[in-house]
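Below: final.txt (compact mmCIF, C-alpha atoms)
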```
# COMPACT_ATOMS: atom_id res chain seq x y z
CA MET A 20 50.87 101.23 101.36
CA THR A 21 48.33 98.54 100.59
CA TYR A 22 44.87 98.74 99.13
CA LYS A 23 41.90 96.72 100.26
CA GLU A 24 40.06 97.92 97.18
CA ARG A 25 41.11 98.54 93.58
CA LEU A 26 43.89 101.02 92.89
CA ARG A 27 42.36 104.35 91.84
CA LEU A 28 44.27 105.58 88.80
CA GLY A 29 44.34 109.01 87.19
CA ILE A 30 45.69 109.64 83.69
CA LEU A 31 47.66 112.77 82.85
CA GLY A 32 46.87 113.23 79.18
CA CYS A 33 44.59 112.03 76.40
CA GLY A 34 47.18 111.03 73.81
CA ARG A 35 47.03 108.06 71.46
CA ILE A 36 48.54 105.45 73.74
CA ALA A 37 46.16 106.41 76.55
CA THR A 38 42.95 106.47 74.50
CA ARG A 39 43.76 103.64 72.06
CA ARG A 40 45.57 101.22 74.35
CA VAL A 41 45.47 101.80 78.09
CA LEU A 42 41.91 103.01 78.55
CA PRO A 43 40.29 100.25 76.44
CA ALA A 44 42.38 97.68 78.33
CA SER A 45 41.55 99.08 81.77
CA SER A 46 38.16 97.35 81.74
CA GLU A 47 40.04 94.02 81.85
CA SER A 48 42.17 95.00 84.83
CA GLU A 49 41.50 93.04 88.00
CA LEU A 50 43.21 95.49 90.36
CA VAL A 51 42.87 98.98 88.83
CA SER A 52 40.03 101.41 88.21
CA VAL A 53 40.59 104.56 86.14
CA VAL A 54 38.77 107.21 88.13
CA ALA A 55 40.15 110.45 86.67
CA ILE A 56 41.64 111.89 83.51
CA ALA A 57 43.13 115.30 82.74
CA SER A 58 44.11 117.27 79.67
CA GLN A 59 45.78 120.64 79.20
CA ARG A 60 43.35 121.23 76.31
CA GLU A 61 39.95 122.60 77.29
CA GLY A 62 37.16 120.02 77.05
CA VAL A 63 39.31 117.11 75.81
CA ALA A 64 39.36 115.30 79.16
CA GLN A 65 35.58 115.54 79.38
CA GLU A 66 35.25 113.83 75.99
CA SER A 67 37.48 110.92 77.07
CA ALA A 68 35.75 110.69 80.44
CA SER A 69 32.38 110.37 78.72
CA GLU A 70 33.64 107.77 76.23
CA PHE A 71 35.26 105.56 78.85
CA GLN A 72 32.88 106.27 81.75
CA ILE A 73 35.50 107.94 83.96
CA SER A 74 34.15 109.69 87.05
CA HIS A 75 36.35 112.80 87.08
CA ALA A 76 37.67 115.01 84.28
CA PHE A 77 40.08 117.90 84.82
CA ASN A 78 41.30 120.71 82.58
CA SER A 79 44.78 120.68 84.13
CA TYR A 80 47.18 118.09 85.47
CA GLU A 81 47.59 120.11 88.66
CA GLU A 82 43.89 119.70 89.46
CA LEU A 83 44.05 115.93 89.07
CA LEU A 84 47.14 115.67 91.30
CA LYS A 85 45.26 117.49 94.06
CA SER A 86 42.41 114.97 93.99
CA GLU A 87 42.09 112.77 97.07
CA ASP A 88 40.21 110.24 94.94
CA VAL A 89 43.42 109.31 93.06
CA ASP A 90 46.06 106.92 94.43
CA ALA A 91 48.38 106.79 91.41
CA VAL A 92 48.85 108.30 87.97
CA TYR A 93 49.77 107.10 84.51
CA ILE A 94 51.88 109.52 82.44
CA PRO A 95 51.49 108.87 78.68
CA SER A 96 52.84 112.23 77.48
CA THR A 97 55.87 112.92 75.28
CA GLY A 98 59.27 112.25 76.82
CA ASP A 99 60.08 115.88 77.55
CA GLN A 100 57.11 116.04 79.97
CA HIS A 101 57.94 112.95 82.05
CA HIS A 102 60.40 114.64 84.41
CA ARG A 103 58.14 117.52 85.38
CA TRP A 104 55.00 115.52 85.98
CA THR A 105 56.61 112.51 87.64
CA ILE A 106 58.17 114.78 90.23
CA ALA A 107 54.92 116.71 90.67
CA ALA A 108 53.02 113.45 91.15
CA ALA A 109 55.56 112.15 93.65
CA GLU A 110 55.34 115.36 95.66
CA ALA A 111 51.55 114.95 95.65
CA GLY A 112 51.97 111.45 97.10
CA LYS A 113 50.87 109.62 93.93
CA HIS A 114 52.54 106.47 92.63
CA VAL A 115 53.66 106.79 89.01
CA LEU A 116 53.41 104.55 85.96
CA CYS A 117 55.45 106.45 83.36
CA GLU A 118 55.70 105.75 79.66
CA LYS A 119 58.98 104.56 78.20
CA PRO A 120 61.67 105.72 78.22
CA LEU A 121 61.62 107.42 81.59
CA ALA A 122 63.18 110.65 80.33
CA PRO A 123 65.22 112.18 77.47
CA THR A 124 68.37 112.13 79.65
CA LEU A 125 69.82 110.01 82.41
CA ARG A 126 70.10 113.03 84.69
CA GLU A 127 66.36 113.69 84.49
CA ALA A 128 65.60 110.00 85.09
CA GLU A 129 67.82 110.02 88.19
CA GLU A 130 65.97 113.05 89.54
CA MET A 131 62.62 111.34 88.92
CA VAL A 132 63.74 108.21 90.77
CA ALA A 133 65.10 110.30 93.65
CA ALA A 134 61.84 112.26 93.97
CA CYS A 135 59.78 109.08 94.12
CA ARG A 136 62.06 107.54 96.74
CA GLU A 137 61.96 110.69 98.85
CA ASN A 138 58.16 110.67 98.78
CA ASN A 139 57.85 106.90 99.29
CA VAL A 140 55.97 106.24 96.08
CA LEU A 141 56.55 103.60 93.41
CA LEU A 142 57.86 104.56 89.96
CA GLN A 143 57.39 101.97 87.21
CA GLU A 144 58.44 102.36 83.58
CA ALA A 145 55.65 101.27 81.24
CA PHE A 146 57.19 98.37 79.33
CA MET A 147 53.88 96.59 78.91
CA TRP A 148 55.17 93.63 76.88
CA ARG A 149 57.14 92.09 79.73
CA GLN A 150 54.09 91.75 82.01
CA HIS A 151 52.22 89.67 79.42
CA PRO A 152 51.99 85.86 79.92
CA ARG A 153 53.90 85.33 76.68
CA ALA A 154 56.99 87.11 78.04
CA GLN A 155 56.77 85.13 81.26
CA MET A 156 56.42 81.89 79.28
CA LEU A 157 59.46 82.77 77.17
CA LYS A 158 61.58 83.33 80.25
CA SER A 159 60.35 80.06 81.75
CA VAL A 160 61.24 78.15 78.57
CA LEU A 161 64.74 79.65 78.60
CA GLN A 162 65.22 78.77 82.27
CA ASP A 163 64.20 75.17 81.50
CA ASP A 164 67.06 74.97 78.95
CA ALA A 165 64.62 74.21 76.12
CA ILE A 166 67.10 75.71 73.64
CA GLY A 167 70.23 74.98 75.63
CA THR A 168 72.44 77.81 76.85
CA LEU A 169 71.35 81.23 75.57
CA ARG A 170 74.00 82.70 73.28
CA LEU A 171 72.37 85.31 71.03
CA ILE A 172 69.45 87.75 71.18
CA THR A 173 68.39 89.55 68.00
CA VAL A 174 65.73 92.28 67.96
CA ASN A 175 64.47 94.21 64.91
CA PHE A 176 62.00 97.08 65.35
CA SER A 177 61.19 99.60 62.63
CA PHE A 178 58.52 101.54 60.79
CA ASN A 179 58.46 104.44 58.35
CA ILE A 180 57.51 107.49 60.37
CA ASP A 181 55.62 110.58 59.26
CA ARG A 182 58.32 113.23 58.88
CA ASN A 183 56.21 115.72 60.86
CA ASP A 184 55.93 113.41 63.88
CA TRP A 185 57.12 114.83 67.22
CA ARG A 186 59.44 111.83 67.58
CA LEU A 187 61.80 113.47 65.09
CA ARG A 188 62.29 116.45 67.42
CA PRO A 189 65.25 116.06 69.79
CA GLU A 190 63.93 118.59 72.30
CA ARG A 191 60.92 116.32 72.88
CA GLY A 192 62.93 113.17 73.40
CA GLY A 193 62.81 111.95 69.81
CA GLY A 194 64.87 109.38 67.94
CA ALA A 195 64.51 105.76 66.81
CA MET A 196 66.64 104.46 69.68
CA TRP A 197 64.57 106.18 72.36
CA ASP A 198 61.26 105.10 70.81
CA LEU A 199 62.03 101.65 69.37
CA GLY A 200 65.54 100.58 70.34
CA CYS A 201 64.57 100.86 73.98
CA TYR A 202 62.51 97.68 73.51
CA GLY A 203 65.50 95.69 72.33
CA VAL A 204 67.62 96.95 75.23
CA ASN A 205 64.83 96.15 77.67
CA ALA A 206 64.29 92.67 76.21
CA SER A 207 68.00 91.84 76.32
CA ARG A 208 68.22 92.85 79.97
CA PHE A 209 64.99 90.97 80.72
CA PHE A 210 66.12 87.64 79.28
CA THR A 211 69.71 87.77 80.50
CA GLU A 212 68.75 89.25 83.88
CA ALA A 213 72.00 91.19 83.66
CA GLU A 214 73.53 94.46 82.52
CA PRO A 215 75.77 94.70 79.43
CA THR A 216 79.53 94.67 79.94
CA ALA A 217 80.31 96.17 76.51
CA ILE A 218 78.39 98.37 74.05
CA SER A 219 78.85 99.23 70.38
CA ALA A 220 76.58 101.38 68.22
CA ASP A 221 76.40 103.16 64.90
CA ALA A 222 73.69 105.31 63.35
CA HIS A 223 72.73 107.80 60.73
CA TRP A 224 70.78 110.89 61.54
CA TRP A 225 67.82 112.99 60.50
CA GLU A 226 68.20 116.68 59.72
CA THR A 227 66.90 117.60 63.18
CA GLY A 228 69.71 115.69 64.86
CA VAL A 229 67.87 112.56 65.99
CA ASP A 230 68.89 109.05 64.93
CA MET A 231 66.80 107.63 62.08
CA THR A 232 68.37 104.16 62.03
CA MET A 233 70.65 102.61 64.61
CA ARG A 234 72.54 99.35 65.03
CA ILE A 235 73.37 98.31 68.59
CA GLY A 236 75.61 95.54 69.89
CA LEU A 237 75.51 94.50 73.55
CA THR A 238 77.73 91.97 75.33
CA PHE A 239 76.33 90.36 78.48
CA PRO A 240 77.86 88.07 81.11
CA ASN A 241 77.95 84.32 80.35
CA GLU A 242 78.91 84.99 76.73
CA VAL A 243 75.50 86.26 75.61
CA LEU A 244 75.48 88.69 72.69
CA ALA A 245 72.61 90.97 71.60
CA ASN A 246 72.16 92.53 68.16
CA ILE A 247 69.51 95.25 68.02
CA ASP A 248 68.43 97.46 65.14
CA CYS A 249 65.78 100.15 65.10
CA SER A 250 64.64 102.57 62.43
CA PHE A 251 62.14 105.29 61.54
CA GLU A 252 62.74 104.86 57.77
CA LEU A 253 62.38 101.12 57.12
CA PRO A 254 59.29 98.90 56.60
CA PHE A 255 57.44 97.69 59.67
CA ARG A 256 59.32 94.95 61.50
CA CYS A 257 58.86 93.81 65.09
CA ARG A 258 60.74 90.55 65.50
CA MET A 259 62.87 88.88 68.16
CA GLU A 260 64.98 85.73 68.04
CA LEU A 261 66.51 83.95 71.04
CA VAL A 262 69.23 81.52 70.02
CA GLY A 263 70.81 78.89 72.24
CA ASP A 264 73.41 76.23 71.57
CA GLY A 265 70.59 73.67 71.48
CA GLY A 266 67.80 75.44 69.59
CA ARG A 267 66.11 78.76 68.94
CA ILE A 268 62.91 80.75 69.50
CA VAL A 269 61.29 83.26 67.14
CA VAL A 270 58.80 85.85 68.43
CA ASP A 271 57.03 87.73 65.65
CA PRO A 272 55.57 90.21 66.33
CA ALA A 273 57.83 90.66 69.34
CA PHE A 274 56.10 93.33 71.42
CA GLN A 275 52.52 93.23 70.16
CA PRO A 276 51.03 89.84 71.15
CA GLY A 277 47.73 90.38 69.29
CA GLU A 278 44.62 88.26 69.65
CA LYS A 279 46.43 84.91 69.45
CA PRO A 280 49.82 85.34 71.15
CA SER A 281 52.36 82.66 70.33
CA PHE A 282 55.99 81.96 69.54
CA GLN A 283 57.85 79.34 67.52
CA ILE A 284 60.50 77.09 69.03
CA TRP A 285 63.03 74.66 67.58
CA ARG A 286 64.25 72.41 70.43
CA SER A 287 67.29 71.11 68.53
CA ALA A 288 70.30 72.58 66.80
CA ASP A 289 69.83 70.21 63.87
CA HIS A 290 69.21 71.80 60.46
CA ASP A 291 65.95 69.88 60.00
CA ALA A 292 64.68 70.28 63.57
CA PRO A 293 60.86 70.44 63.72
CA MET A 294 59.15 73.69 64.62
CA GLU A 295 56.67 73.85 67.49
CA THR A 296 54.21 76.70 68.03
CA ILE A 297 53.40 77.56 71.63
CA GLU A 298 50.28 79.64 72.28
CA THR A 299 49.79 81.71 75.41
CA SER A 300 47.05 83.70 77.09
CA SER A 301 45.37 86.34 74.92
CA ARG A 302 44.92 88.77 77.82
CA ASP A 303 45.57 92.39 76.89
CA GLN A 304 49.15 93.32 77.77
CA TYR A 305 48.14 96.79 78.94
CA ALA A 306 45.72 95.23 81.44
CA CYS A 307 48.57 93.00 82.59
CA GLN A 308 50.72 96.10 83.03
CA LEU A 309 48.10 97.87 85.14
CA ASP A 310 47.71 94.84 87.40
CA ALA A 311 51.49 94.45 87.79
CA PHE A 312 51.69 98.13 88.76
CA ALA A 313 48.93 97.75 91.38
CA LEU A 314 50.49 94.56 92.74
CA GLY A 315 53.84 96.31 92.99
CA ILE A 316 52.25 99.03 95.11
CA GLN A 317 50.60 96.43 97.33
CA GLU A 318 53.93 94.63 97.85
CA GLY A 319 55.96 97.83 98.14
CA LYS A 320 58.36 96.95 95.32
CA LEU A 321 58.48 96.30 91.59
CA VAL A 322 56.99 92.86 90.99
CA ASP A 323 59.43 92.17 88.16
CA SER A 324 62.79 92.84 89.78
CA ALA A 325 64.52 93.08 86.38
CA GLU A 326 62.27 96.01 85.40
CA ASP A 327 64.40 99.01 86.26
CA GLY A 328 63.85 102.09 84.14
CA LEU A 329 66.91 103.86 85.50
CA GLN A 330 69.19 100.98 84.48
CA ASN A 331 67.61 100.93 81.02
CA MET A 332 68.28 104.66 80.75
CA LYS A 333 71.94 104.20 81.71
CA VAL A 334 72.44 101.67 78.92
CA MET A 335 70.56 103.77 76.36
CA GLU A 336 72.45 106.95 77.10
CA GLU A 337 75.75 105.10 76.67
CA ILE A 338 74.45 103.66 73.39
CA LEU A 339 73.54 107.12 72.10
CA ASN A 340 76.90 108.60 73.12
CA THR A 341 78.72 105.70 71.47
CA ALA A 342 76.77 106.10 68.23
CA LYS A 343 77.56 109.82 68.12
CA LYS A 344 81.26 109.03 68.37
CA THR A 345 81.38 106.20 65.83
CA SER A 346 78.89 107.26 63.15
CA THR A 347 80.37 108.43 59.86
CA ALA A 348 77.92 111.34 59.69
CA SER A 349 77.70 113.17 62.99
CA PRO A 350 74.35 114.41 64.33
CA LYS A 351 73.63 118.07 64.77
CA ALA A 352 74.80 119.52 68.06
```
Would you mind writing the structure in this file as C-alpha cells?
Amino acid sequence: MTYKERLRLGILGCGRIATRRVLPASSESELVSVVAIASQREGVAQESASEFQISHAFNSYEELLKSEDVDAVYIPSTGDQHHRWTIAAAEAGKHVLCEKPLAPTLREAEEMVAACRENNVLLQEAFMWRQHPRAQMLKSVLQDDAIGTLRLITVNFSFNIDRNDWRLRPERGGGAMWDLGCYGVNASRFFTEAEPTAISADAHWWETGVDMTMRIGLTFPNEVLANIDCSFELPFRCRMELVGDGGRIVVDPAFQPGEKPSFQIWRSADHDAPMETIETSSRDQYACQLDAFALGIQEGKLVDSAEDGLQNMKVMEEILNTAKKTSTASPKA
C-alpha cells in the first residue's frame, strides 16, 4: 500500500514515551500526521488530544482500531500489552510501530510477526536511535574503514530505577536486559549487520525475579566481539565505543543524541592520536523514526533491512536463558 498523502497515525496509549517524546516530535515529521489517540482511562485521551491538537480521541483502543481515518498505530504501552494490541491492530488492517522490545517472550513476538504477515501490514520495532542521522553517519564511517577493521563494540546503559517502577515486575516484561540491554544487542547487530554466533551472560536479580544488572558477551562473524552491560541500580550511563584495529569511536550519550548530536573519533591506533569531533543533524530521532516507518509502508518493507525485532528477540531470549543458568544467585521461578 502506498500513500499519496501523509500517513495517518493513531496512538494506543498516553504513557510517558508517547506524550514526552513521540507526540512532541510528530510536528517535525515530514510523512506522518497523528490523527487519533486512545486511552483506557476515561478522559485522558481527550486531554492529550487537546494539548497536541489531535483530531480524534477515544476512550478505548478498540474504538480507535475501528476508525477508517487511521492507517497505522503506534503502541507505546508496557511490554505485556504489545502482543494483544499488535495482533488486534493487524486484524484491523493497521500497520504497527511497536515499542521495544516487541514482547516479553519470543513466542509472543513470533505470533505478532505472523499476524502482521497474514494481514499484509508492516510491523516495525521502535528503536528510534538507529533512524537518526548520527547512527547512519556512524555506519558510513565504519564502512569507509576510518578506524580500520571493527573488532570490539562496548555498550554501557544504566540508571538507578525507582523500586516501585513497573519495569521491576516480570509479568509486565520487566528487567534491565529487556529495557536497557536491548539497545546494546540492537546496536551490535546494527553495526556488524550480522547475528551473534556465541553468547555469554551473567546477572544478579531483584526480589521479584527480574535482572537488576547484567553483563552480556556476544561473538559475531569476522572476529567482532561485543561487551554489553545494563543495570537498574547503577548511576546513569549511556555510552558506546566502537574499536577497530586502526582507531576508535566514542558515542556518549549513545542513544540520546540531544540538541547537538556528535561523536568522537580517533583515526589512528597510536597512543597520542588526535581526537576529532564529528557533528551531525540535530533532527529529533523520534521524528526520524516516524518518517522511516511511513517510508517503509510506502516501499512495502522495512527501510533499514537490519532492523528486525524478531531477530533481536531471539538473541535476547537466549541471553536471558544463559544468564539464568550461569548466575551465582538464581532468579525466582
note - CA of Ile247 in chain A and CA of Met332 in chain A are separated by 15.9 Å
For Ala288 in chain A: contacts at 10 Å, only C-alpha atoms, fewer than 4 positions along chain excluded, given as a PyMOL selection string
chain A and resi 166-167+262-267+292
Worksheet entry | Spatial neighbours of range 202-208 of chain A, max dist 10 Å, all atoms listed in the file, sep filter under 5 positions, as a PyMOL selection string | chain A and resi 119-120+146+148-149+154+171-176+196-197+213-215+235-239+243-249+257-259+261+273-274+325-328+330-332+334-335+338
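CA of Trp185 in chain A lies 28.2 Å from CA of Ile73 in chain A.
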In Å and to one decimal, CA of Asp310 in chain A is distant from CA of Ile30 in chain A by 15.4 Å
Exercise. Compute the distance from (49.0, 93.9, 70.8) to each atom, counting only C-alpha atoms, keep the residues with any atom at most 9 Å away, and return them as a VMD selection string; use the coordinates of the file.
Key: chain A and resid 40 148 272 274 to 278 280 303 to 305
File of the preceding selection, C-alpha atoms, as a compact mmCIF listing (two decimals), in the frame of the given file:
```
# COMPACT_ATOMS: atom_id res chain seq x y z
CA ARG A 40 45.57 101.22 74.35
CA TRP A 148 55.17 93.63 76.88
CA PRO A 272 55.57 90.21 66.33
CA PHE A 274 56.10 93.33 71.42
CA GLN A 275 52.52 93.23 70.16
CA PRO A 276 51.03 89.84 71.15
CA GLY A 277 47.73 90.38 69.29
CA GLU A 278 44.62 88.26 69.65
CA PRO A 280 49.82 85.34 71.15
CA ASP A 303 45.57 92.39 76.89
CA GLN A 304 49.15 93.32 77.77
CA TYR A 305 48.14 96.79 78.94
```
Within 8 Å of Leu309 in chain A using all atoms listed in the file, minus same-chain residues under 2 positions, as a count of residues only
10
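Closest approach to Glu298 in chain A among A:Gly29, A:Gly98, A:Gly34, A:Pro152 is made by A:Pro152 (distances from only C-alpha atoms).
With distances restricted to all atoms listed in the file, A:Val115 is the closest residue to Glu144 in chain A from A:Val160, A:Ala217, A:Val115, A:Ile56.
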- Spatial sel., origin (44.0, 119.5, 87.7), limit 12 Å, all atoms listed in the file, listed as an MDAnalysis selection string: chainID A and resid 29:32 55:61 64 75:87 89 104 107:108 111
